[in-house]
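Worksheet: one structure, shown below.
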Amino acid sequence: MAKTLMQFRQVSLKFDTQEILTGFDLDIKDGEFFTLLGPSGCGKTTVLRLIAGFEQPDEGQILLDGHNIAEQLAEHRPINTVFQSYALFPHLSVFDNVAFGLKMSRTPSTEIKPRVMEALEMVRLAEFADRKPAQLSGGQKQRVAIARAVVNRPRLLLLDESLSALDYKLRQQMQIELKHLQRQLGITFVYVTHDQEEALSMSDRILVMNHGQAQQVGAPRDIYESPANEFVARFIGEINIFDARIEQVVSIDEQQGRYLAYFDQGNMTREIVSETRFEAGDKVKVMLRPEDLRIEFLEDAPEKPGFIGEVQERNYKGKTLDSQIKLKDGQLILASEFFNENEPDFDYKLNQKVWIDWVHGWEHVIKADLL
Amino acid sequence: MNFRRLIISVTLAWLTVFVFLPHLLLVGTSVMTPNPDHLVVWPVTLDSFEKVFTPLYFSVFWHSLELAAIATVICLMLAYPFAWILSTFNSRTQALLLFLLILPFWTNSLIRTYAIKILLGKKGLVNATMINLGIIDEPIQLLYTEFAVIFGLVYLLLPFMVLPLYSSFDKMDKSLLEAGRDLGAGTVQRFRHIILPLTMPGIVSGSLIVFLPAMGMFYIADLLGGAKNLLLGNVVKNLFLVARDWPMGAAFSVIMMLMMALMLLLYVQANRLVSRKGGLHDSNL
């Protein structure tokens, strides 16, 4: 296990009377791609600014390699930032922008030129060294900002929503480049974003935040497949949530428990599987991703216990066919099925009556009071 | 389209009649021979320009430059921090402070200059206050000194320095300062490598807007400066109205215009140089 590089211990910060962070803890490991994910105003940018040194905590410790740097000025921290707006110096050439940090640290000038050119080559901008930022495209500015930060060989590289200003295709490309760069350099990246897809595809670990609180930390797969609570579940992609009550514990072994659960919707009892321990009588939420669901036509067949609804809308998404289904009690369900080319006629008519099931064992169950 | 053409022709005609032709007349007058009865007569001569560069006029010329330069530097030193701080306030406070800055312009500047005269006089507010506070025993001579002229120039011209500086600071992206900190630049380095180069256009245009009029504000020197502290404007005014040597007055004006053109040219060249060199290249550090 890699050692811890950056740590927050009980960090609190207020702006005027508004509490942004309260007793906030954080652990970032050396060499990982760590993402702070959350809606706007959740405090993720504040965490980044605390790491960079642009904000000082009211209370608590910020440790880098075990040393408290909470009082250290931003200019003295071995940490560099790729700003959301890039913040390139408009009066300096690309070369001088990238050389800025090295000059400030009084690096010998014989060393500056090769290092700057190396950094520019890494982001494939060597031939643009003499240009001014105003003469670059958005993607090129982005890459200059990255080169300007990594040329200083920081312990941590902070990226503040750095891709949000780029168009979709360029963003996809930069995601791959960033990930590649991070592996190549071995520098710890801390990435701030509100885009869950971006977070899932790039990160080693993700911290999901809301209202200044850490909601869940984990690998992208853990966060997607086993969200700790309803907020995380809903924030990371689409999810369908059903209320249920544990009626009976079937069996419990070391890894998981099997339970019989009663669903009000559909008036049915089903076996569910969970890593969490429940007792009979517990109220639970059963979470199912759209791709976990299976749909059956209900032509004239008699109704059977289960979720029954009507197709409200269907969207052909290329790879998948997404259907919005309205259950009897009005709850809207999103189901996503892979488009089967062998069955090109496969489609639902609007208001088609359907019966919904899921792949058993794929459900994620949490206690209802965890919400 | 026709409306546009109309507007452009009206503007052009206006500029031709009231700006271009008068300047042409001025240049023409400067190379004529002075005559007490007919103001100017033939033949064409460069005598007036020669006279400008005689020691007597040259020292007046030089002193006037000096006063204007000092006033400009003081304006810059007062306006720079003011504009900086102004740009950090929220937009409502900014609008209010800018309004307060412009407010005195609603009073005629000549009247405001008389007010300064009253303030700085032997029995004026400044002397009275200092005597009451026991700083001095006797009233000191404030009026009719270089100090009074510079004070008057700074007072009248300060807003012209603040406005271009404010616009430079306002345009400056504040995240650049954070970027500077992030890259290890301390307070002094941030000022030198980021703030100063980015506000340089404001510094230069503010200085030009203050320096050039400062040389010409004859009523300031008339009212506050006494006989010794003349500005170029006084010289020109006296040559036209008192000595009635129109060619020489015109020659002075032409030289002032050439100076202005020269300074603008230098500014443009310097700007080009700065933007080509990037201001922070290896050789500059």
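To be explicit about the labels: the chains of the structure tokens are called A, B, and onward in the order shown, and within each one the residues are counted from 1, while ligands get numbers from 1 in the order they are shown.
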
Please identify all polymer residues within 12 Å of region 15-26 of chain B, counting only C-alpha atoms, omitting same-chain residues fewer than 3 positions from it, and present them as a list of chain:residue names.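 In the requested form, the answer reads B:Ile8, B:Ser9, B:Val10, B:Thr11, B:Leu12, B:Thr29, B:Ser30, B:Val31, B:Met32, B:Val40, B:Phe240, B:Trp246, B:Pro247, B:Met248, B:Gly249, B:Ala250, B:Ala251, B:Phe252, B:Ser253, B:Val254, B:Ile255, B:Met256, B:Met257.
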
I need the residues from that last selection saved to file as an mmCIF file, in the first residue's frame (with N, CA, C and O atoms), if you can.
```cif
data_model
loop_
_atom_site.group_PDB
_atom_site.id
_atom_site.type_symbol
_atom_site.label_atom_id
_atom_site.label_comp_id
_atom_site.auth_asym_id
_atom_site.auth_seq_id
_atom_site.Cartn_x
_atom_site.Cartn_y
_atom_site.Cartn_z
ATOM 1 N N ILE B 8 -20.171 59.487 -40.448
ATOM 2 C CA ILE B 8 -18.725 59.546 -40.683
ATOM 3 C C ILE B 8 -18.361 60.861 -41.382
ATOM 4 O O ILE B 8 -17.389 61.527 -41.009
ATOM 5 N N SER B 9 -19.167 61.286 -42.370
ATOM 6 C CA SER B 9 -18.821 62.530 -43.073
ATOM 7 C C SER B 9 -18.926 63.728 -42.146
ATOM 8 O O SER B 9 -18.074 64.619 -42.180
ATOM 9 N N VAL B 10 -19.955 63.750 -41.288
ATOM 10 C CA VAL B 10 -20.104 64.875 -40.361
ATOM 11 C C VAL B 10 -18.898 64.953 -39.438
ATOM 12 O O VAL B 10 -18.309 66.015 -39.225
ATOM 13 N N THR B 11 -18.510 63.771 -38.907
ATOM 14 C CA THR B 11 -17.372 63.741 -37.989
ATOM 15 C C THR B 11 -16.105 64.207 -38.692
ATOM 16 O O THR B 11 -15.334 65.008 -38.146
ATOM 17 N N LEU B 12 -15.921 63.684 -39.905
ATOM 18 C CA LEU B 12 -14.718 64.060 -40.659
ATOM 19 C C LEU B 12 -14.702 65.559 -40.938
ATOM 20 O O LEU B 12 -13.660 66.212 -40.766
ATOM 21 N N THR B 29 1.592 79.713 -39.278
ATOM 22 C CA THR B 29 1.945 80.918 -38.534
ATOM 23 C C THR B 29 3.367 80.835 -37.985
ATOM 24 O O THR B 29 4.100 81.839 -37.959
ATOM 25 N N SER B 30 3.753 79.640 -37.557
ATOM 26 C CA SER B 30 5.056 79.493 -36.894
ATOM 27 C C SER B 30 6.228 79.811 -37.816
ATOM 28 O O SER B 30 7.318 80.104 -37.344
ATOM 29 N N VAL B 31 6.002 79.742 -39.122
ATOM 30 C CA VAL B 31 7.122 80.005 -40.035
ATOM 31 C C VAL B 31 6.971 81.369 -40.738
ATOM 32 O O VAL B 31 7.629 81.646 -41.741
ATOM 33 N N MET B 32 6.076 82.239 -40.191
ATOM 34 C CA MET B 32 5.927 83.576 -40.755
ATOM 35 C C MET B 32 6.783 84.560 -39.965
ATOM 36 O O MET B 32 7.365 84.220 -38.936
ATOM 37 N N VAL B 40 1.144 88.848 -38.538
ATOM 38 C CA VAL B 40 2.134 88.064 -39.279
ATOM 39 C C VAL B 40 2.225 88.600 -40.707
ATOM 40 O O VAL B 40 1.227 89.018 -41.291
ATOM 41 N N PHE B 240 1.362 85.167 -27.426
ATOM 42 C CA PHE B 240 0.219 85.513 -28.276
ATOM 43 C C PHE B 240 -0.446 86.811 -27.823
ATOM 44 O O PHE B 240 -0.728 87.695 -28.620
ATOM 45 N N TRP B 246 3.035 86.316 -32.654
ATOM 46 C CA TRP B 246 2.296 85.115 -32.995
ATOM 47 C C TRP B 246 3.166 83.995 -33.558
ATOM 48 O O TRP B 246 3.000 82.832 -33.163
ATOM 49 N N PRO B 247 4.090 84.278 -34.464
ATOM 50 C CA PRO B 247 4.904 83.178 -34.998
ATOM 51 C C PRO B 247 5.651 82.420 -33.912
ATOM 52 O O PRO B 247 5.737 81.192 -33.940
ATOM 53 N N MET B 248 6.162 83.162 -32.909
ATOM 54 C CA MET B 248 6.915 82.476 -31.886
ATOM 55 C C MET B 248 6.001 81.638 -30.990
ATOM 56 O O MET B 248 6.336 80.502 -30.609
ATOM 57 N N GLY B 249 4.846 82.194 -30.635
ATOM 58 C CA GLY B 249 3.874 81.411 -29.871
ATOM 59 C C GLY B 249 3.505 80.141 -30.617
ATOM 60 O O GLY B 249 3.424 79.051 -30.036
ATOM 61 N N ALA B 250 3.299 80.301 -31.931
ATOM 62 C CA ALA B 250 2.959 79.134 -32.748
ATOM 63 C C ALA B 250 4.114 78.139 -32.768
ATOM 64 O O ALA B 250 3.898 76.921 -32.692
ATOM 65 N N ALA B 251 5.345 78.659 -32.836
ATOM 66 C CA ALA B 251 6.513 77.777 -32.859
ATOM 67 C C ALA B 251 6.562 76.944 -31.575
ATOM 68 O O ALA B 251 6.816 75.728 -31.600
ATOM 69 N N PHE B 252 6.303 77.606 -30.428
ATOM 70 C CA PHE B 252 6.265 76.878 -29.158
ATOM 71 C C PHE B 252 5.222 75.760 -29.209
ATOM 72 O O PHE B 252 5.469 74.614 -28.816
ATOM 73 N N SER B 253 4.051 76.104 -29.710
ATOM 74 C CA SER B 253 2.957 75.109 -29.774
ATOM 75 C C SER B 253 3.340 73.937 -30.664
ATOM 76 O O SER B 253 3.069 72.778 -30.331
ATOM 77 N N VAL B 254 3.972 74.264 -31.797
ATOM 78 C CA VAL B 254 4.371 73.193 -32.713
ATOM 79 C C VAL B 254 5.373 72.263 -32.037
ATOM 80 O O VAL B 254 5.262 71.028 -32.133
ATOM 81 N N ILE B 255 6.321 72.866 -31.304
ATOM 82 C CA ILE B 255 7.310 72.027 -30.612
ATOM 83 C C ILE B 255 6.628 71.128 -29.577
ATOM 84 O O ILE B 255 6.942 69.946 -29.448
ATOM 85 N N MET B 256 5.637 71.679 -28.858
ATOM 86 C CA MET B 256 4.901 70.855 -27.889
ATOM 87 C C MET B 256 4.192 69.692 -28.580
ATOM 88 O O MET B 256 4.189 68.566 -28.078
ATOM 89 N N MET B 257 3.626 70.006 -29.746
ATOM 90 C CA MET B 257 2.932 68.934 -30.477
ATOM 91 C C MET B 257 3.909 67.849 -30.914
ATOM 92 O O MET B 257 3.616 66.646 -30.837
#
```

Contacts of chain B with chain A up to 6 Å, shortest pair per row, only C-alpha atoms, as CSV:
```
residue,atom,partner,partner_atom,distance
B:Ser175,CA,A:Ala87,CA,6.0
B:Leu176,CA,A:Ala87,CA,5.2
B:Arg181,CA,A:Glu75,CA,4.6
B:Asp182,CA,A:Glu75,CA,5.4
B:Leu183,CA,A:Gly101,CA,4.5
B:Gly184,CA,A:Glu75,CA,3.9
B:Ala185,CA,A:Met104,CA,5.7
B:Gly278,CA,A:Leu92,CA,4.6
```

Which one of A:Ala199, A:Met209, A:Ile69, A:Gly186 sits closest to Leu21 (chain A) if you count only C-alpha atoms?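 The shortest atom-to-atom distance to Leu21 (chain A) comes from A:Met209.
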
Residues within 9 Å of region 233-243 of chain A, please, as an MDAnalysis selection string. Count only C-alpha atoms; anything in the same chain fewer than 6 positions from it doesn't count. chainID A and resid 38:39 195:197 200 208 223:227 262:265 283:290 332:335 368

Write out as a PyMOL selection string which residues come within 7 Å of Leu166 (chain A) when counting only C-alpha atoms, dropping same-chain ones fewer than 4 positions away. chain A and resi 138-139+170-171

Residue list (alpha helix (DSSP H), DSSP) for region 38-264 of chain B, as JSON, numbers by chain: {"B": [47, 48, 49, 50, 51, 52, 55, 56, 57, 58, 59, 60, 61, 62, 63, 64, 65, 66, 67, 68, 69, 70, 71, 72, 73, 74, 75, 76, 77, 78, 79, 80, 81, 82, 83, 84, 85, 86, 87, 88, 91, 92, 93, 94, 95, 96, 97, 98, 99, 100, 101, 102, 109, 110, 111, 112, 113, 114, 115, 116, 117, 118, 119, 120, 125, 126, 127, 128, 129, 130, 131, 132, 146, 147, 148, 149, 150, 151, 152, 153, 154, 155, 156, 157, 158, 159, 160, 161, 162, 163, 164, 165, 166, 167, 168, 169, 170, 171, 175, 176, 177, 178, 179, 180, 181, 182, 187, 188, 189, 190, 196, 197, 198, 199, 200, 201, 202, 203, 204, 205, 206, 207, 208, 209, 210, 211, 212, 213, 214, 215, 216, 218, 219, 220, 232, 233, 234, 235, 236, 237, 238, 239, 240, 241, 246, 247, 248, 249, 250, 251, 252, 253, 254, 255, 256, 257, 258, 259, 260, 261, 262, 263, 264]}

Using DSSP on the backbone coordinates, identify the residues of region 113-260 of chain A assigned to strand (DSSP E or B); present them as a PDB file with N, CA, C and O atoms, in the first residue's frame.
```pdb
ATOM      1  N   LEU A 156       2.436  17.393  -5.422  1.00  0.00           N
ATOM      2  CA  LEU A 156       1.031  17.222  -5.767  1.00  0.00           C
ATOM      3  C   LEU A 156       0.675  18.169  -6.904  1.00  0.00           C
ATOM      4  O   LEU A 156       1.097  19.317  -6.893  1.00  0.00           O
ATOM      5  N   LEU A 157      -0.090  17.672  -7.838  1.00  0.00           N
ATOM      6  CA  LEU A 157      -0.605  18.535  -8.893  1.00  0.00           C
ATOM      7  C   LEU A 157      -2.113  18.652  -8.696  1.00  0.00           C
ATOM      8  O   LEU A 157      -2.817  17.660  -8.625  1.00  0.00           O
ATOM      9  N   LEU A 158      -2.577  19.900  -8.572  1.00  0.00           N
ATOM     10  CA  LEU A 158      -4.003  20.126  -8.353  1.00  0.00           C
ATOM     11  C   LEU A 158      -4.639  20.586  -9.653  1.00  0.00           C
ATOM     12  O   LEU A 158      -4.114  21.452 -10.334  1.00  0.00           O
ATOM     13  N   LEU A 159      -5.775  19.986  -9.980  1.00  0.00           N
ATOM     14  CA  LEU A 159      -6.469  20.372 -11.210  1.00  0.00           C
ATOM     15  C   LEU A 159      -7.893  20.782 -10.866  1.00  0.00           C
ATOM     16  O   LEU A 159      -8.673  19.964 -10.389  1.00  0.00           O
ATOM     17  N   ASP A 160      -8.211  22.053 -11.074  1.00  0.00           N
ATOM     18  CA  ASP A 160      -9.502  22.604 -10.668  1.00  0.00           C
ATOM     19  C   ASP A 160     -10.450  22.640 -11.852  1.00  0.00           C
ATOM     20  O   ASP A 160     -10.403  23.560 -12.650  1.00  0.00           O
ATOM     21  N   THR A 188       1.375  12.744  -7.817  1.00  0.00           N
ATOM     22  CA  THR A 188       0.026  12.614  -7.277  1.00  0.00           C
ATOM     23  C   THR A 188      -0.856  13.707  -7.868  1.00  0.00           C
ATOM     24  O   THR A 188      -0.513  14.880  -7.811  1.00  0.00           O
ATOM     25  N   PHE A 189      -1.969  13.325  -8.453  1.00  0.00           N
ATOM     26  CA  PHE A 189      -2.911  14.288  -9.016  1.00  0.00           C
ATOM     27  C   PHE A 189      -4.116  14.397  -8.100  1.00  0.00           C
ATOM     28  O   PHE A 189      -4.654  13.377  -7.665  1.00  0.00           O
ATOM     29  N   VAL A 190      -4.538  15.612  -7.819  1.00  0.00           N
ATOM     30  CA  VAL A 190      -5.811  15.819  -7.127  1.00  0.00           C
ATOM     31  C   VAL A 190      -6.699  16.598  -8.081  1.00  0.00           C
ATOM     32  O   VAL A 190      -6.386  17.721  -8.461  1.00  0.00           O
ATOM     33  N   TYR A 191      -7.773  15.968  -8.492  1.00  0.00           N
ATOM     34  CA  TYR A 191      -8.618  16.496  -9.543  1.00  0.00           C
ATOM     35  C   TYR A 191      -9.977  16.857  -8.970  1.00  0.00           C
ATOM     36  O   TYR A 191     -10.573  16.068  -8.244  1.00  0.00           O
ATOM     37  N   VAL A 192     -10.436  18.067  -9.268  1.00  0.00           N
ATOM     38  CA  VAL A 192     -11.746  18.497  -8.787  1.00  0.00           C
ATOM     39  C   VAL A 192     -12.711  18.531  -9.954  1.00  0.00           C
ATOM     40  O   VAL A 192     -12.396  19.100 -10.995  1.00  0.00           O
ATOM     41  N   THR A 193     -13.867  17.910  -9.799  1.00  0.00           N
ATOM     42  CA  THR A 193     -14.850  17.942 -10.887  1.00  0.00           C
ATOM     43  C   THR A 193     -16.252  17.731 -10.351  1.00  0.00           C
ATOM     44  O   THR A 193     -16.443  17.232  -9.236  1.00  0.00           O
ATOM     45  N   ARG A 205      -8.908   6.812  -6.987  1.00  0.00           N
ATOM     46  CA  ARG A 205      -9.896   6.874  -5.905  1.00  0.00           C
ATOM     47  C   ARG A 205     -10.684   8.167  -6.025  1.00  0.00           C
ATOM     48  O   ARG A 205     -10.173   9.172  -6.502  1.00  0.00           O
ATOM     49  N   ILE A 206     -11.934   8.095  -5.558  1.00  0.00           N
ATOM     50  CA  ILE A 206     -12.826   9.252  -5.629  1.00  0.00           C
ATOM     51  C   ILE A 206     -13.337   9.561  -4.229  1.00  0.00           C
ATOM     52  O   ILE A 206     -13.659   8.653  -3.470  1.00  0.00           O
ATOM     53  N   LEU A 207     -13.357  10.872  -3.907  1.00  0.00           N
ATOM     54  CA  LEU A 207     -14.036  11.297  -2.694  1.00  0.00           C
ATOM     55  C   LEU A 207     -15.290  12.051  -3.135  1.00  0.00           C
ATOM     56  O   LEU A 207     -15.201  13.062  -3.816  1.00  0.00           O
ATOM     57  N   VAL A 208     -16.453  11.510  -2.758  1.00  0.00           N
ATOM     58  CA  VAL A 208     -17.703  12.195  -3.100  1.00  0.00           C
ATOM     59  C   VAL A 208     -18.082  13.109  -1.944  1.00  0.00           C
ATOM     60  O   VAL A 208     -18.083  12.687  -0.787  1.00  0.00           O
ATOM     61  N   MET A 209     -18.320  14.393  -2.272  1.00  0.00           N
ATOM     62  CA  MET A 209     -18.626  15.380  -1.229  1.00  0.00           C
ATOM     63  C   MET A 209     -20.009  15.971  -1.441  1.00  0.00           C
ATOM     64  O   MET A 209     -20.479  16.102  -2.558  1.00  0.00           O
ATOM     65  N   ASN A 210     -20.623  16.357  -0.321  1.00  0.00           N
ATOM     66  CA  ASN A 210     -21.849  17.140  -0.392  1.00  0.00           C
ATOM     67  C   ASN A 210     -21.956  17.969   0.875  1.00  0.00           C
ATOM     68  O   ASN A 210     -21.673  17.479   1.962  1.00  0.00           O
ATOM     69  N   GLN A 213     -19.304  17.782   3.498  1.00  0.00           N
ATOM     70  CA  GLN A 213     -19.091  16.502   4.170  1.00  0.00           C
ATOM     71  C   GLN A 213     -18.625  15.453   3.168  1.00  0.00           C
ATOM     72  O   GLN A 213     -19.136  15.405   2.055  1.00  0.00           O
ATOM     73  N   ALA A 214     -17.681  14.619   3.605  1.00  0.00           N
ATOM     74  CA  ALA A 214     -17.286  13.491   2.771  1.00  0.00           C
ATOM     75  C   ALA A 214     -18.407  12.464   2.812  1.00  0.00           C
ATOM     76  O   ALA A 214     -18.869  12.083   3.884  1.00  0.00           O
ATOM     77  N   GLN A 215     -18.904  12.055   1.659  1.00  0.00           N
ATOM     78  CA  GLN A 215     -19.992  11.079   1.612  1.00  0.00           C
ATOM     79  C   GLN A 215     -19.455   9.666   1.456  1.00  0.00           C
ATOM     80  O   GLN A 215     -19.983   8.728   2.029  1.00  0.00           O
ATOM     81  N   GLN A 216     -18.421   9.526   0.663  1.00  0.00           N
ATOM     82  CA  GLN A 216     -17.834   8.209   0.440  1.00  0.00           C
ATOM     83  C   GLN A 216     -16.478   8.371  -0.230  1.00  0.00           C
ATOM     84  O   GLN A 216     -16.294   9.244  -1.061  1.00  0.00           O
ATOM     85  N   VAL A 217     -15.522   7.524   0.169  1.00  0.00           N
ATOM     86  CA  VAL A 217     -14.230   7.488  -0.495  1.00  0.00           C
ATOM     87  C   VAL A 217     -14.025   6.084  -1.017  1.00  0.00           C
ATOM     88  O   VAL A 217     -14.321   5.117  -0.315  1.00  0.00           O
ATOM     89  N   GLY A 218     -13.543   5.962  -2.221  1.00  0.00           N
ATOM     90  CA  GLY A 218     -13.274   4.613  -2.708  1.00  0.00           C
ATOM     91  C   GLY A 218     -12.905   4.599  -4.165  1.00  0.00           C
ATOM     92  O   GLY A 218     -12.904   5.639  -4.837  1.00  0.00           O
ATOM     93  N   ASN A 240     -32.216   3.525  -9.711  1.00  0.00           N
ATOM     94  CA  ASN A 240     -33.600   3.316  -9.289  1.00  0.00           C
ATOM     95  C   ASN A 240     -33.581   2.805  -7.859  1.00  0.00           C
ATOM     96  O   ASN A 240     -32.822   1.892  -7.532  1.00  0.00           O
ATOM     97  N   ILE A 241     -34.377   3.419  -7.016  1.00  0.00           N
ATOM     98  CA  ILE A 241     -34.359   3.051  -5.606  1.00  0.00           C
ATOM     99  C   ILE A 241     -35.755   2.571  -5.186  1.00  0.00           C
ATOM    100  O   ILE A 241     -36.753   3.241  -5.445  1.00  0.00           O
ATOM    101  N   PHE A 242     -35.795   1.390  -4.579  1.00  0.00           N
ATOM    102  CA  PHE A 242     -37.068   0.812  -4.128  1.00  0.00           C
ATOM    103  C   PHE A 242     -37.040   0.606  -2.617  1.00  0.00           C
ATOM    104  O   PHE A 242     -36.020   0.179  -2.066  1.00  0.00           O
ATOM    105  N   ASP A 243     -38.171   0.929  -1.961  1.00  0.00           N
ATOM    106  CA  ASP A 243     -38.272   0.687  -0.518  1.00  0.00           C
ATOM    107  C   ASP A 243     -38.630  -0.773  -0.281  1.00  0.00           C
ATOM    108  O   ASP A 243     -39.420  -1.359  -1.021  1.00  0.00           O
ATOM    109  N   ALA A 244     -38.031  -1.338   0.765  1.00  0.00           N
ATOM    110  CA  ALA A 244     -38.365  -2.727   1.103  1.00  0.00           C
ATOM    111  C   ALA A 244     -38.186  -2.926   2.610  1.00  0.00           C
ATOM    112  O   ALA A 244     -37.620  -2.070   3.291  1.00  0.00           O
ATOM    113  N   ARG A 245     -38.709  -4.050   3.101  1.00  0.00           N
ATOM    114  CA  ARG A 245     -38.555  -4.365   4.528  1.00  0.00           C
ATOM    115  C   ARG A 245     -38.044  -5.788   4.641  1.00  0.00           C
ATOM    116  O   ARG A 245     -38.530  -6.700   3.947  1.00  0.00           O
ATOM    117  N   ILE A 246     -37.040  -5.985   5.468  1.00  0.00           N
ATOM    118  CA  ILE A 246     -36.502  -7.335   5.646  1.00  0.00           C
ATOM    119  C   ILE A 246     -37.528  -8.164   6.424  1.00  0.00           C
ATOM    120  O   ILE A 246     -37.932  -7.771   7.517  1.00  0.00           O
ATOM    121  N   GLU A 247     -37.931  -9.274   5.828  1.00  0.00           N
ATOM    122  CA  GLU A 247     -38.920 -10.111   6.516  1.00  0.00           C
ATOM    123  C   GLU A 247     -38.267 -11.258   7.250  1.00  0.00           C
ATOM    124  O   GLU A 247     -38.714 -11.679   8.308  1.00  0.00           O
ATOM    125  N   GLN A 248     -37.172 -11.734   6.662  1.00  0.00           N
ATOM    126  CA  GLN A 248     -36.595 -12.950   7.235  1.00  0.00           C
ATOM    127  C   GLN A 248     -35.138 -13.038   6.819  1.00  0.00           C
ATOM    128  O   GLN A 248     -34.785 -12.701   5.678  1.00  0.00           O
ATOM    129  N   VAL A 249     -34.280 -13.440   7.747  1.00  0.00           N
ATOM    130  CA  VAL A 249     -32.883 -13.671   7.398  1.00  0.00           C
ATOM    131  C   VAL A 249     -32.773 -15.119   6.942  1.00  0.00           C
ATOM    132  O   VAL A 249     -33.114 -16.028   7.695  1.00  0.00           O
ATOM    133  N   VAL A 250     -32.364 -15.316   5.715  1.00  0.00           N
ATOM    134  CA  VAL A 250     -32.285 -16.676   5.180  1.00  0.00           C
ATOM    135  C   VAL A 250     -30.994 -17.340   5.634  1.00  0.00           C
ATOM    136  O   VAL A 250     -30.997 -18.412   6.220  1.00  0.00           O
ATOM    137  N   SER A 251     -29.889 -16.669   5.352  1.00  0.00           N
ATOM    138  CA  SER A 251     -28.598 -17.221   5.784  1.00  0.00           C
ATOM    139  C   SER A 251     -27.583 -16.101   5.825  1.00  0.00           C
ATOM    140  O   SER A 251     -27.718 -15.106   5.118  1.00  0.00           O
ATOM    141  N   ILE A 252     -26.589 -16.246   6.676  1.00  0.00           N
ATOM    142  CA  ILE A 252     -25.513 -15.253   6.734  1.00  0.00           C
ATOM    143  C   ILE A 252     -24.205 -16.007   6.776  1.00  0.00           C
ATOM    144  O   ILE A 252     -24.023 -16.902   7.605  1.00  0.00           O
ATOM    145  N   GLY A 257     -25.067 -11.764   3.288  1.00  0.00           N
ATOM    146  CA  GLY A 257     -26.265 -12.335   3.881  1.00  0.00           C
ATOM    147  C   GLY A 257     -27.356 -12.455   2.832  1.00  0.00           C
ATOM    148  O   GLY A 257     -27.392 -11.695   1.862  1.00  0.00           O
ATOM    149  N   ARG A 258     -28.190 -13.465   3.004  1.00  0.00           N
ATOM    150  CA  ARG A 258     -29.347 -13.605   2.123  1.00  0.00           C
ATOM    151  C   ARG A 258     -30.586 -13.331   2.934  1.00  0.00           C
ATOM    152  O   ARG A 258     -30.714 -13.815   4.057  1.00  0.00           O
ATOM    153  N   TYR A 259     -31.463 -12.543   2.376  1.00  0.00           N
ATOM    154  CA  TYR A 259     -32.652 -12.140   3.113  1.00  0.00           C
ATOM    155  C   TYR A 259     -33.872 -12.257   2.231  1.00  0.00           C
ATOM    156  O   TYR A 259     -33.788 -12.184   1.010  1.00  0.00           O
ATOM    157  N   LEU A 260     -35.005 -12.382   2.881  1.00  0.00           N
ATOM    158  CA  LEU A 260     -36.269 -12.234   2.166  1.00  0.00           C
ATOM    159  C   LEU A 260     -36.771 -10.829   2.469  1.00  0.00           C
ATOM    160  O   LEU A 260     -36.844 -10.431   3.627  1.00  0.00           O
TER     161      LEU A 260
END
```

Which neighbours of Leu67 (chain B) fall inside 8 Å, counting only C-alpha atoms, when residues of the same chain fewer than 2 positions from it are skipped, and could you give them as a list of chain:residue names?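 Selected residues are B:His63, B:Ser64, B:Leu65, B:Ala69, B:Ile70, B:Ala71, B:Glu146, B:Val149, B:Ile150, B:Met215, B:Leu231.
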
Could you name the residues that touch Leu327 (chain A) at 10 Å or less, counting only C-alpha atoms, but leaving out those on the same chain fewer than 2 positions away, as a PyMOL selection string? chain A and resi 265-266+307-312+324-325+329-333+353-356

For Val73 (chain B), the closest of B:Leu264, B:Leu208, B:Leu223, B:Met217 counting only C-alpha atoms is B:Leu208
